[in-house]
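Heads up, data32.txt below (compact mmCIF, C-alpha atoms and all ligand atoms):
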# COMPACT_ATOMS: atom_id res chain seq x y z
CA MET T 27 63.99 -1.27 80.99
CA PRO T 28 63.06 0.17 84.39
CA GLY T 29 59.74 2.03 84.54
CA THR T 30 59.47 5.81 84.55
CA GLU T 31 59.70 7.41 88.01
CA THR T 32 58.88 10.97 89.02
CA LEU T 33 60.89 12.63 91.72
CA ASN T 34 58.81 12.51 94.89
CA PRO T 35 58.16 15.61 96.94
CA PRO T 36 60.22 15.86 100.14
CA ALA T 37 59.09 13.64 102.99
CA SER T 38 57.13 15.41 105.73
CA ASP T 39 60.17 15.34 108.01
CA GLY T 40 62.07 17.38 105.40
CA ALA T 41 64.24 14.49 104.24
CA THR T 42 64.89 14.57 100.51
CA SER T 43 64.70 11.58 98.20
CA SER T 44 67.72 9.48 97.43
CA TRP T 45 68.14 11.07 94.00
CA PRO T 46 71.42 12.95 93.46
CA ALA T 47 71.76 16.52 94.72
CA TRP T 48 72.07 18.02 91.22
CA THR T 49 68.45 17.02 90.49
CA GLU T 50 67.18 19.36 93.22
CA PRO T 51 66.35 22.42 91.00
CA MET T 52 64.15 20.14 88.86
CA ARG T 53 62.24 18.69 91.78
CA GLY T 54 58.67 17.68 90.99
CA ALA T 55 59.05 17.60 87.20
CA LEU T 56 62.18 15.50 86.64
CA LYS T 57 61.59 11.89 85.56
CA ARG T 58 63.79 8.84 85.03
CA HIS T 59 63.83 6.33 82.16
CA VAL T 60 61.45 8.24 79.91
CA PRO T 61 60.82 6.87 76.38
CA LEU T 62 61.70 9.58 73.87
CA ALA T 63 60.07 8.19 70.71
CA PRO T 64 56.75 10.01 71.37
CA MET T 65 58.66 13.31 71.60
CA THR T 66 59.95 13.04 68.05
CA THR T 67 58.14 13.34 64.72
CA LEU T 68 59.83 10.11 63.52
CA ARG T 69 58.43 8.29 66.59
CA ILE T 70 61.75 6.50 67.11
CA GLY T 71 64.19 6.37 70.01
CA GLY T 72 65.00 4.72 73.33
CA PRO T 73 64.75 6.29 76.79
CA ALA T 74 66.39 9.28 78.45
CA ASP T 75 68.16 8.43 81.71
CA TRP T 76 66.75 11.68 83.09
CA TYR T 77 64.07 13.81 81.45
CA TYR T 78 63.11 17.35 82.41
CA PRO T 79 60.44 19.43 80.64
CA ALA T 80 61.47 23.09 81.14
CA GLU T 81 58.32 25.23 81.11
CA SER T 82 60.16 28.57 81.43
CA VAL T 83 63.45 30.11 80.33
CA GLU T 84 64.51 30.35 83.98
CA GLY T 85 63.69 26.64 84.50
CA LEU T 86 65.72 25.79 81.40
CA VAL T 87 68.74 27.80 82.55
CA ALA T 88 68.56 26.34 86.08
CA ALA T 89 68.37 22.75 84.77
CA LEU T 90 71.31 23.27 82.42
CA ALA T 91 73.35 24.90 85.19
CA ALA T 92 72.63 22.09 87.64
CA GLY T 93 73.43 19.33 85.15
CA ARG T 94 76.59 21.04 83.92
CA ALA T 95 77.89 21.71 87.43
CA ALA T 96 77.53 18.01 88.19
CA GLY T 97 79.21 16.95 84.94
CA VAL T 98 76.08 15.19 83.68
CA PRO T 99 75.86 14.91 79.85
CA ILE T 100 73.02 17.16 78.64
CA THR T 101 70.95 16.98 75.48
CA LEU T 102 68.50 19.69 74.53
CA LEU T 103 65.36 18.67 72.70
CA GLY T 104 63.04 21.10 70.94
CA ASP T 105 60.02 19.67 69.12
CA GLY T 106 62.00 16.62 67.96
CA SER T 107 61.29 17.21 64.26
CA ASN T 108 64.86 17.06 62.97
CA VAL T 109 66.38 14.29 65.07
CA LEU T 110 66.92 10.55 64.97
CA ILE T 111 67.24 9.27 68.53
CA SER T 112 69.29 6.14 69.16
CA ASP T 113 67.46 2.88 69.90
CA ARG T 114 69.65 2.79 73.01
CA GLY T 115 68.36 6.15 74.15
CA ILE T 116 70.25 9.11 75.56
CA ARG T 117 72.53 8.94 78.60
CA GLY T 118 72.42 11.74 81.14
CA LEU T 119 69.83 14.53 81.21
CA VAL T 120 67.46 15.38 78.36
CA VAL T 121 66.00 18.86 78.75
CA HIS T 122 62.84 19.38 76.73
CA ASN T 123 62.41 23.07 75.95
CA ARG T 124 58.78 24.00 76.54
CA ALA T 125 59.19 27.75 77.26
CA ARG T 126 56.69 28.96 74.68
CA ASN T 127 55.89 32.62 75.28
CA ILE T 128 55.46 34.92 72.23
CA GLU T 129 55.04 38.73 72.43
CA ARG T 130 54.58 41.54 69.94
CA ARG T 131 57.15 44.34 70.33
CA GLY T 132 56.39 47.12 67.84
CA ASN T 133 56.53 45.40 64.46
CA ASP T 134 58.78 42.67 65.83
CA LEU T 135 57.85 39.38 67.45
CA TYR T 136 59.76 38.10 70.48
CA ALA T 137 59.64 34.35 71.08
CA GLU T 138 61.00 32.02 73.71
CA ALA T 139 62.93 29.24 72.01
CA GLY T 140 60.46 26.50 72.97
CA ALA T 141 57.60 28.24 71.13
CA SER T 142 56.60 26.37 68.02
CA LEU T 143 57.54 28.01 64.74
CA ALA T 144 53.96 27.32 63.61
CA ASP T 145 52.64 29.42 66.53
CA LEU T 146 55.04 32.24 65.64
CA VAL T 147 53.89 32.11 62.00
CA SER T 148 50.20 32.16 63.04
CA ARG T 149 50.84 35.01 65.43
CA SER T 150 52.43 37.06 62.62
CA ARG T 151 49.27 36.54 60.56
CA ASP T 152 47.00 37.42 63.51
CA GLU T 153 49.00 40.62 64.03
CA SER T 154 48.98 41.41 60.24
CA LEU T 155 52.78 41.32 60.15
CA THR T 156 54.46 40.10 56.98
CA GLY T 157 57.83 38.33 56.62
CA LEU T 158 57.32 34.83 58.03
CA GLU T 159 55.08 33.39 55.33
CA PHE T 160 57.96 31.29 53.94
CA ALA T 161 58.06 29.36 57.24
CA SER T 162 54.44 28.19 56.98
CA GLY T 163 54.22 24.46 57.55
CA ILE T 164 57.79 24.01 58.86
CA PHE T 165 57.70 21.84 61.97
CA GLY T 166 59.73 22.41 65.12
CA SER T 167 60.47 24.99 67.78
CA VAL T 168 61.84 28.49 67.28
CA GLY T 169 65.09 27.43 69.00
CA GLY T 170 65.44 24.45 66.67
CA ALA T 171 64.82 26.78 63.73
CA VAL T 172 67.62 29.11 64.85
CA TYR T 173 69.96 26.19 65.59
CA GLY T 174 69.52 24.73 62.09
CA ASN T 175 68.65 27.98 60.25
CA ALA T 176 65.37 26.39 59.11
CA GLY T 177 63.88 27.62 55.89
CA ALA T 178 62.23 26.89 52.57
CA TYR T 179 61.95 28.37 49.10
CA GLY T 180 65.25 30.24 49.31
CA ARG T 181 64.44 31.98 52.62
CA SER T 182 65.43 31.06 56.15
CA ILE T 183 64.98 32.21 59.73
CA ALA T 184 68.27 34.15 59.49
CA ASP T 185 66.58 36.51 57.00
CA VAL T 186 64.17 37.82 59.65
CA LEU T 187 66.16 37.38 62.84
CA VAL T 188 67.41 40.48 64.70
CA TRP T 189 69.03 38.79 67.69
CA ALA T 190 68.95 35.62 69.75
CA GLU T 191 69.70 35.28 73.41
CA VAL T 192 71.94 32.27 74.00
CA LEU T 193 73.34 30.47 77.01
CA THR T 194 77.04 29.79 76.55
CA ARG T 195 78.95 26.69 77.70
CA GLU T 196 80.28 28.83 80.54
CA GLY T 197 76.72 29.60 81.68
CA GLU T 198 76.69 33.22 80.48
CA ARG T 199 73.52 34.67 78.90
CA LEU T 200 74.44 36.67 75.78
CA ARG T 201 72.29 38.57 73.31
CA LEU T 202 73.91 37.89 69.93
CA ALA T 203 73.07 39.94 66.84
CA LYS T 204 72.27 38.02 63.67
CA GLY T 205 75.77 38.69 62.30
CA ASP T 206 77.34 36.96 65.31
CA LEU T 207 75.26 33.80 65.04
CA GLU T 208 77.37 32.42 62.16
CA PHE T 209 74.41 31.48 59.98
CA ALA T 210 74.92 29.36 56.87
CA TYR T 211 72.73 26.93 54.93
CA ARG T 212 70.81 24.85 57.53
CA ARG T 213 73.38 25.75 60.13
CA SER T 214 74.27 28.32 62.77
CA GLY T 215 77.20 28.64 65.14
CA CYS T 216 75.15 27.00 67.93
CA ALA T 217 76.55 23.49 67.41
CA ALA T 218 80.21 24.54 67.17
CA ASN T 219 80.01 27.00 70.08
CA GLY T 220 77.69 25.01 72.33
CA TRP T 221 75.12 27.83 72.43
CA ILE T 222 71.65 27.07 73.70
CA VAL T 223 69.08 29.43 72.21
CA LEU T 224 66.82 30.87 74.93
CA SER T 225 64.79 33.42 72.95
CA CYS T 226 64.91 35.61 69.87
CA LEU T 227 63.45 38.60 68.09
CA VAL T 228 62.26 38.53 64.47
CA ARG T 229 61.72 41.70 62.44
CA LEU T 230 58.54 41.87 60.40
CA SER T 231 56.60 44.68 58.73
CA PRO T 232 52.95 45.68 58.64
CA GLY T 233 51.04 43.88 55.91
CA ASP T 234 47.59 42.99 54.71
CA HIS T 235 45.97 40.37 56.90
CA ALA T 236 44.10 38.63 54.06
CA ALA T 237 47.14 38.60 51.75
CA ILE T 238 49.39 37.16 54.48
CA GLY T 239 46.83 34.43 55.24
CA ALA T 240 46.39 33.61 51.54
CA GLU T 241 50.16 33.26 51.02
CA MET T 242 50.44 30.97 54.05
CA GLU T 243 47.60 28.78 52.74
CA ARG T 244 49.26 28.67 49.32
CA ILE T 245 52.57 27.49 50.77
CA ILE T 246 50.92 24.94 53.07
CA GLY T 247 48.99 23.63 50.05
CA ILE T 248 52.19 23.14 48.03
CA ARG T 249 53.96 21.47 50.94
CA ALA T 250 51.08 19.05 51.51
CA THR T 251 51.61 17.62 48.01
CA LYS T 252 55.28 16.82 48.77
CA LEU T 253 55.82 16.27 52.48
CA PRO T 254 54.22 13.73 54.81
CA VAL T 255 51.93 15.36 57.33
CA ASP T 256 50.36 12.23 58.88
CA ILE T 257 53.20 9.71 58.45
CA PRO T 258 56.08 9.98 60.95
CA SER T 259 59.19 11.55 59.40
CA ALA T 260 61.83 14.19 60.17
CA GLY T 261 61.37 16.09 56.90
CA SER T 262 64.31 16.10 54.48
CA TYR T 263 66.92 13.63 55.65
CA PHE T 264 69.85 15.07 53.68
CA LYS T 265 70.87 18.64 52.90
CA ASN T 266 70.44 19.93 49.37
CA ILE T 267 73.66 20.44 47.41
CA GLU T 268 74.86 24.02 47.19
CA ASP T 269 75.20 25.21 43.58
CA PRO T 270 75.00 28.94 42.76
CA SER T 271 73.67 28.18 39.25
CA ALA T 272 70.67 26.17 40.53
CA GLU T 273 67.24 27.53 41.56
CA TYR T 274 67.53 28.99 45.10
CA GLY T 275 71.27 28.13 44.88
CA LYS T 276 70.70 24.43 45.65
CA VAL T 277 70.33 21.18 43.74
CA PRO T 278 67.60 19.25 45.59
CA ALA T 279 68.98 16.06 47.13
CA GLY T 280 65.50 14.59 46.52
CA ARG T 281 65.93 14.92 42.77
CA LEU T 282 69.27 13.07 42.80
CA LEU T 283 67.81 10.40 45.06
CA GLU T 284 64.73 9.98 42.89
CA ASP T 285 66.77 9.71 39.69
CA ALA T 286 69.07 7.18 41.36
CA GLY T 287 66.06 5.00 42.27
CA ALA T 288 65.82 5.63 46.02
CA LYS T 289 62.03 5.46 46.18
CA SER T 290 62.08 1.67 46.02
CA LEU T 291 64.41 1.36 49.03
CA ARG T 292 63.20 0.06 52.39
CA VAL T 293 64.87 -1.38 55.49
CA GLY T 294 62.54 -2.94 58.06
CA ASP T 295 59.77 -0.39 58.60
CA ALA T 296 61.89 2.55 57.42
CA GLY T 297 61.00 3.55 53.86
CA VAL T 298 61.52 6.36 51.38
CA TYR T 299 58.41 8.55 51.10
CA GLU T 300 56.59 7.92 47.84
CA LYS T 301 56.15 11.65 47.06
CA HIS T 302 59.64 12.83 48.09
CA ALA T 303 62.80 10.74 47.78
CA ASN T 304 64.68 12.80 50.40
CA VAL T 305 62.24 11.92 53.19
CA ILE T 306 62.54 8.78 55.32
CA VAL T 307 59.24 7.67 56.82
CA ASN T 308 58.48 5.34 59.71
CA LEU T 309 55.94 2.92 58.28
CA GLY T 310 55.14 1.33 61.64
CA GLN T 311 57.78 -0.08 63.98
CA ALA T 312 60.94 1.33 62.38
CA THR T 313 64.03 1.49 64.59
CA ALA T 314 66.91 3.95 64.47
CA ALA T 315 69.03 1.04 63.15
CA ASP T 316 66.60 0.65 60.23
CA VAL T 317 66.76 4.38 59.45
CA LEU T 318 70.57 4.47 59.60
CA ALA T 319 70.85 1.43 57.31
CA LEU T 320 68.36 2.96 54.85
CA ALA T 321 70.17 6.32 54.91
CA ASP T 322 73.45 4.50 54.15
CA ARG T 323 71.87 2.85 51.12
CA MET T 324 70.48 6.19 49.91
CA LYS T 325 73.89 7.83 50.22
CA ASP T 326 75.48 4.89 48.48
CA ILE T 327 73.30 5.02 45.34
CA VAL T 328 73.85 8.78 44.99
CA ARG T 329 77.60 8.39 45.50
CA ARG T 330 77.81 5.65 42.88
CA ARG T 331 75.66 7.50 40.33
CA TYR T 332 76.86 11.10 40.80
CA GLY T 333 80.03 10.93 42.89
CA ILE T 334 78.29 13.24 45.39
CA GLU T 335 78.48 12.69 49.14
CA LEU T 336 75.13 13.55 50.74
CA GLU T 337 75.35 15.30 54.11
CA ASN T 338 72.84 14.57 56.88
CA GLU T 339 70.36 17.28 57.77
CA VAL T 340 68.67 15.15 60.47
CA ARG T 341 70.78 14.96 63.63
CA PHE T 342 71.49 11.67 65.38
CA LEU T 343 71.23 11.99 69.15
CA GLY T 344 72.18 9.56 71.88
CA GLU T 345 74.12 6.38 72.49
CA PRO T 346 76.08 5.29 69.40
CA MET T 347 74.86 2.01 67.85
CA GLY T 348 76.45 -0.58 65.65
C1 LIG T 401 57.28 17.05 57.77
C2 LIG T 401 58.48 17.91 58.07
C3 LIG T 401 58.82 18.93 57.20
C4 LIG T 401 59.95 19.74 57.44
N1 LIG T 401 60.23 20.74 56.58
C5 LIG T 401 61.32 21.53 56.81
C6 LIG T 401 61.61 22.63 55.96
O1 LIG T 401 60.90 22.92 54.99
N2 LIG T 401 62.72 23.38 56.24
C7 LIG T 401 63.53 23.11 57.31
O2 LIG T 401 64.51 23.85 57.52
N3 LIG T 401 63.26 22.08 58.13
C8 LIG T 401 62.18 21.29 57.91
N4 LIG T 401 61.92 20.25 58.75
C9 LIG T 401 62.86 19.91 59.83
C10 LIG T 401 62.53 20.61 61.16
O3 LIG T 401 61.21 21.03 61.17
C11 LIG T 401 63.44 21.82 61.44
O4 LIG T 401 64.79 21.44 61.33
C12 LIG T 401 63.19 22.41 62.82
O5 LIG T 401 63.75 23.70 62.86
C13 LIG T 401 63.75 21.58 63.98
O6 LIG T 401 63.31 22.16 65.21
P1 LIG T 401 63.03 21.26 66.49
O7 LIG T 401 62.60 22.14 67.58
O8 LIG T 401 62.08 20.15 66.14
O9 LIG T 401 64.46 20.70 66.77
P2 LIG T 401 64.85 19.26 67.37
O10 LIG T 401 64.55 18.22 66.33
O11 LIG T 401 64.23 19.08 68.70
O12 LIG T 401 66.42 19.42 67.51
C14 LIG T 401 67.25 19.56 66.38
C15 LIG T 401 68.64 20.02 66.86
O13 LIG T 401 68.51 21.34 67.36
C16 LIG T 401 68.99 21.40 68.70
N5 LIG T 401 68.17 22.39 69.39
C17 LIG T 401 66.82 22.40 69.54
N6 LIG T 401 66.44 23.50 70.23
C18 LIG T 401 67.57 24.20 70.51
C19 LIG T 401 67.84 25.41 71.22
N7 LIG T 401 66.86 26.11 71.79
N8 LIG T 401 69.13 25.82 71.33
C20 LIG T 401 70.14 25.09 70.79
N9 LIG T 401 69.94 23.93 70.12
C21 LIG T 401 68.67 23.49 69.98
C22 LIG T 401 68.84 20.00 69.24
O14 LIG T 401 69.73 19.76 70.31
C23 LIG T 401 69.17 19.17 68.01
O15 LIG T 401 70.56 19.03 67.85
C24 LIG T 401 60.75 19.47 58.56
C25 LIG T 401 60.40 18.44 59.46
C26 LIG T 401 59.27 17.68 59.22
C27 LIG T 401 58.90 16.60 60.20

For this file, produce the structure as structure tokens.
Ligand SMILES: Cc1cc2nc3c(=O)[nH]c(=O)nc-3n(C[C@H](O)[C@H](O)[C@H](O)COP(=O)(O)OP(=O)(O)OC[C@H]3O[C@@H](n4cnc5c(N)ncnc54)[C@H](O)[C@@H]3O)c2cc1C
Amino acid sequence: MPGTETLNPPASDGATSSWPAWTEPMRGALKRHVPLAPMTTLRIGGPADWYYPAESVEGLVAALAAGRAAGVPITLLGDGSNVLISDRGIRGLVVHNRARNIERRGNDLYAEAGASLADLVSRSRDESLTGLEFASGIFGSVGGAVYGNAGAYGRSIADVLVWAEVLTREGERLRLAKGDLEFAYRRSGCAANGWIVLSCLVRLSPGDHAAIGAEMERIIGIRATKLPVDIPSAGSYFKNIEDPSAEYGKVPAGRLLEDAGAKSLRVGDAGVYEKHANVIVNLGQATAADVLALADRMKDIVRRRYGIELENEVRFLGEPMG
């Protein structure tokens, strides 16, 4: 694999580098052949052909516009906590959203999509605003949370969202109200419509600072007994199964997997987490191929035992393998 290169500043005579013209708006920060594994919580994945960390919403929009105009395939990466990146990497341009500003607006919080959900949750506590406690301990960016309608304990980001500003495939910036974002369980209309989330507003209400903090600690404490904090993973690998008669309207995929014997499964360095059968962990040098093979085995034992087809929650990005 070629080494990483950063785009050089223009030569003193004004001549530009030999990189293609579409890379111009990203000058100085764009890199080539960048390994993506360190940018994911699973610590797996090959290189991006081109990698651009967008530090502002304007930088993000400019990079997407430049890549799209040139017909370059574009992949947006948030905090990499819900993705499995191909061992062969990602062709084209990977834009890493790092626009992280958060502001209080009345009793609402405005966040750029690259802000971490954890920072938004902490900010709500610091401002004594209640409503985001359920999201304590969920990894990822605010944009990733809107894209996948992240949530826990029967609540999700859609419950507190007022609007999100998105960039459409046509390059238009639109402020969409919650009702137009097509939210469903662990899903929004972003994938189907090609919307990139730029920012959003969440509606909270004044609360008691100590009570908010205590509830967040309680939830983080519960999560720590079930989810790996120090071992690389992408959280739950499969979606829970929707069932109106079950608690929170879902049958946990982890319970089916556990009962079917998934905890003993391992492929290479990809294993099933000992405390949660719906979590795949990277025990060292796991590859995306290992994870895909393990996930196939997990689906297979649930299909054979229950006749249920598990659906991926973690998204595969990049060059197909196999
Ligand atoms: C230990 C652990 C526990 C977890 N627990 C939970 C949980 O309780 N509940 C839960 O819902 N999730 C959980 N997750 C999964 C993950 O935290 C969420 O899905 C998170 O919202 C993903 O955000 P991200 O920024 O990391 O997205 P990424 O992994 O970077 O990307 C995921 C997808 O979103 C797209 N995307 C990212 N940003 C944007 C944007 N701005 N606009 C459009 N598309 C975008 C990407 O292209 C990709 O397709 C957990 C993960 C871990 C590692």

To check your reading of the model: which residues sit at most 8 Å from ligand LIG 401 (chain T) when counting all atoms listed in the file? Write the answer as a ChimeraX atom specification.
/T:66-68,101-109,123,139-140,142-143,161,163-178,182,192,212,216-217,220-225,253-255,258-262,339-343

Could you name the residues that touch Met347 in chain T at 10 Å or less, counting all atoms listed in the file, but leaving out those on the same chain fewer than 6 positions away, as number ranges by chain?
T: 112-115, 314-315, 318

Residue among T:Ser148, T:Asn338, T:Gln311, T:Ser231 lying closest to Lys325 in chain T, counting all atoms listed in the file
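Ranking T:Ser148, T:Asn338, T:Gln311, T:Ser231 by distance to Lys325 in chain T, first place goes to T:Asn338.
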
Spatial sel., origin (55.9, 5.3, 52.3), limit 7 Å, only C-alpha atoms, listed as a PDB file with C-alpha atoms, in the coordinates of the input:
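Output saved as part28.pdb:
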ATOM      1  CA  GLY T 297      61.000   3.550  53.860  1.00  0.00           C
ATOM      2  CA  VAL T 298      61.520   6.360  51.380  1.00  0.00           C
ATOM      3  CA  TYR T 299      58.410   8.550  51.100  1.00  0.00           C
ATOM      4  CA  GLU T 300      56.590   7.920  47.840  1.00  0.00           C
ATOM      5  CA  VAL T 307      59.240   7.670  56.820  1.00  0.00           C
ATOM      6  CA  LEU T 309      55.940   2.920  58.280  1.00  0.00           C
TER       7      LEU T 309
END

So the first atom is CA of Ala210 in chain T and the second is CA of Val277 in chain T; what is the distance between them in Å, to one decimal place?
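CA of Val277 in chain T lies at a distance of 16.1 Å from CA of Ala210 in chain T.
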
Quick one, how far is CA of Asp152 in chain T from CA of Ile238 in chain T?
9.3 Å

For CA of Ala74 in chain T and CA of Leu86 in chain T, the interatomic separation in Å (one decimal)
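Computing it gives 16.8 Å between the two atoms.
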
Tell me which of T:Val328, T:Ala237, T:Ala250, T:Ala137 sits closest to Val188 in chain T, counting all atoms listed in the file.
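For Val188 in chain T, the nearest of the given residues is T:Ala137.
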
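Residue nearest Ala236 in chain T, chosen from T:Leu155, T:Asp256, T:Glu284, T:Leu207 and counting only C-alpha atoms: T:Leu155.
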
Would you please work out which residue, of T:Val60, T:Leu119, T:Ile128, T:Met65, is nearest to Trp48 in chain T when using all atoms listed in the file?
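Nearest to Trp48 in chain T: T:Leu119.
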
Go through T:Arg330, T:Gly118, T:Tyr78, T:Ser162 and flag the residue nearest Gly247 in chain T, using all atoms listed in the file for the distances.
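Nearest to Gly247 in chain T: T:Ser162.
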
Could you give me, as a list of chain:residue names, the residues within 8 Å of Leu90 in chain T, counting only C-alpha atoms and dropping anything in the same chain fewer than 4 positions from it?
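Close residues of Leu90 in chain T: T:Leu86, T:Arg94, T:Ile100, T:Val121.
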
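Distance annotation: of T:Gly93, T:Pro64, T:Gly287, T:Gly157, the residue with the minimal separation from Ile111 in chain T is T:Pro64; atom set is all atoms listed in the file.
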
Shell of 10 Å around Val87 in chain T, only C-alpha atoms, local chain residues under 3 positions omitted, as a ChimeraX atom specification:
/T:80,82-84,90-92,193,197-199,222,224

Range 51-57 of chain T: axis-aligned bounding box, 6 Å on each side, centre and edge lengths in Å, one decimal, as JSON:
{"center_x": 62.5, "center_y": 17.2, "center_z": 88.7, "size_x": 19.7, "size_y": 22.5, "size_z": 18.2}

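Near Tyr332 in chain T, within 12 Å and counting only C-alpha atoms, sit T:Ile267, T:Ala279, T:Arg281, T:Leu282, T:Leu283, T:Asp285, T:Ala286, T:Lys325, T:Asp326; same-chain residues fewer than 6 positions away were not included.
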
Polymer residues at most 8 Å from range 132-134 of chain T, all atoms listed in the file, same-chain spacing of 6 or more positions, as an MDAnalysis selection string
chainID T and resid 155 227:232

Output for the residues just chosen: C-alpha atoms as a tab-separated table (two decimals), in the frame of the given file:
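Listing of result.tsv after writing:
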chain	number	residue	atom	x	y	z
T	155	LEU	CA	52.78	41.32	60.15
T	227	LEU	CA	63.45	38.60	68.09
T	228	VAL	CA	62.26	38.53	64.47
T	229	ARG	CA	61.72	41.70	62.44
T	230	LEU	CA	58.54	41.87	60.40
T	231	SER	CA	56.60	44.68	58.73
T	232	PRO	CA	52.95	45.68	58.64
